[in-house]
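Below you'll find the structure, written out as structure tokens, and then a few comments.
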Amino acid sequence: MEGWFSDYPINENGRMESSLQSSDDLVFLAAYFELYLFTLLCRLGNSLDIHPATASGTKRPDLIAKETNELGVYVEAILASEASRQEIGQTARMNQVYDILNEMDSPDFFIGLEIAGAPKTPPPARRIRDQVSEWLKSLNYDVIADLHQHETIRGLPNLEINHDGWHIVFLPIAKSQAARGKPGIRPIGTQMGSFELSKTKEAIRDAIGKKATRYGKMDRPFIIAVNVLSPVLDREDVLGALFGSEQLVFRGGTSDNHPPDWERARDGVWLGPSGPKNTRVSGVLIVKHLTPWTIAHSDVTLYHNPWAQRRYTGSMTTLSQALPENGNIIFKPGVHPREVFGLEMNWPEI
């Protein structure tokens, strides 16, 4: 990150430095993603301008990338997150408690957490830690270890704590003899929460929709780069966001044994009820869950818009692509960014 930052334009590095130092995770990740794209495009052979003027007004996209004798392409970066600002704040409040709990000295037990809900206000983290610590000290190690022999949590003592919509059940997990009393081992062992439906497709669609018409008429190709923060992402999430959700259609007037057809609903960011839309967007660069420690693993695919007013044919086409061909989308493998950055596949674990 320091190396990338040293190459960033000096007239913009004050803004970038401030954002990278932010305690707000979304502000940090947005700045990091912009720095990542800047470095990636530079190493793909582009010259870059930050926040260039467009032909249509005062709003400026993040980058313009130009290759030799090329008009260039506008590039706009955005995060796609399933979590709202409120949910991110709740997660941050919970993480403060987890951090404090992991500072606790617990020589005999790990702790398991069963969690429901989320705190609307900051929990008293140190008071919770002290309460959990005193509870663990009251437990008999041999009794808990014997209960674990039966491979069940039934009969295990537990501690319940509630705070403003957040319900936590603490369970003791007896440490092995080798780990017992050993310093420096974090006590949180397992964490279980409620199941939630994935909203990755909707997050991608909403992120692209925010940027698709922001800059009015474009005089160059326009690529929207999306860092999808969901840890689970597959092609159908992206295709559903771009072209519409898959749905089963039953045809009226057909025989009972006629199977239903799979079709796409007209709810995509590129294909709506009236047909193609957002045609000024030449393509979308989808980056999977990029953080500073996942560079070598974050897959990148350039999805081309079949109805784009201006097609993109520049250096990003050396990356993996999703190409329209005879009414289908064909996936073409390409260079992974880790190769561009000179990283091994298992970086940073080398």
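Please note that chains go A, B, ... in the order of the structure tokens, that every chain numbers its residues from 1, and that ligands are numbered from 1 in the order shown.
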
Show me, as number ranges by chain, the residues that have an atom within 10 Å of Val232 (chain A) when counting only C-alpha atoms, minus same-chain residues fewer than 3 positions from it.
A: 198, 200, 228-229, 237, 288-289

So how many Å separate CA of Lys277 (chain A) and CA of Leu290 (chain A), to one decimal?
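Interatomic distance, CA of Lys277 (chain A) to CA of Leu290 (chain A): 28.2 Å.
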
Residues of region 157-254 of chain A in alpha helix (DSSP H), written as a count of residues only
22

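Take the candidates A:Arg205, A:Gln90, A:Tyr141, A:Asp219 and check each one against Asp267 (chain A) using only C-alpha atoms; the shortest distance goes to A:Arg205.
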
As a PyMOL selection string, please: every residue in region 228-311 of chain A that a backbone DSSP assignment puts in strand (DSSP E).
chain A and resi 228+246-249+261-264+271-272+275-276+283-288+300-304

Hey, what's within 7 Å of Gln247 (chain A) if we count only C-alpha atoms and toss same-chain stuff fewer than 5 positions away? As a list in words, please?
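Using only C-alpha atoms, the neighbours found are Trp262, Glu263, Arg264 and Ala265 of chain A.
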
Atom pair CA of Glu134 (chain A) / CA of Pro187 (chain A): separation (Å)
14.0 Å

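Proximity of A:Leu26, A:Thr91, A:Tyr8, A:Ser315 to Ile50 (chain A), computed with only C-alpha atoms, is greatest for A:Tyr8.
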
Distance query Asp142 (chain A) at most 10 Å, only C-alpha atoms, self and fewer than 4 positions along chain excluded, as a list in words
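These residues fall inside the cut-off: Asp108, Asp146, Leu147, His148 and Ala174 of chain A.
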
Mind dumping the selected residues with C-alpha atoms as an mmCIF file, in the first residue's frame?
```cif
data_model
loop_
_atom_site.group_PDB
_atom_site.id
_atom_site.type_symbol
_atom_site.label_atom_id
_atom_site.label_comp_id
_atom_site.auth_asym_id
_atom_site.auth_seq_id
_atom_site.Cartn_x
_atom_site.Cartn_y
_atom_site.Cartn_z
ATOM 1 C CA ASP A 108 -9.101 -23.117 31.079
ATOM 2 C CA ASP A 146 -16.477 -34.419 30.796
ATOM 3 C CA LEU A 147 -19.586 -32.892 29.212
ATOM 4 C CA HIS A 148 -17.612 -32.314 26.000
ATOM 5 C CA ALA A 174 -12.759 -26.758 27.655
#
```
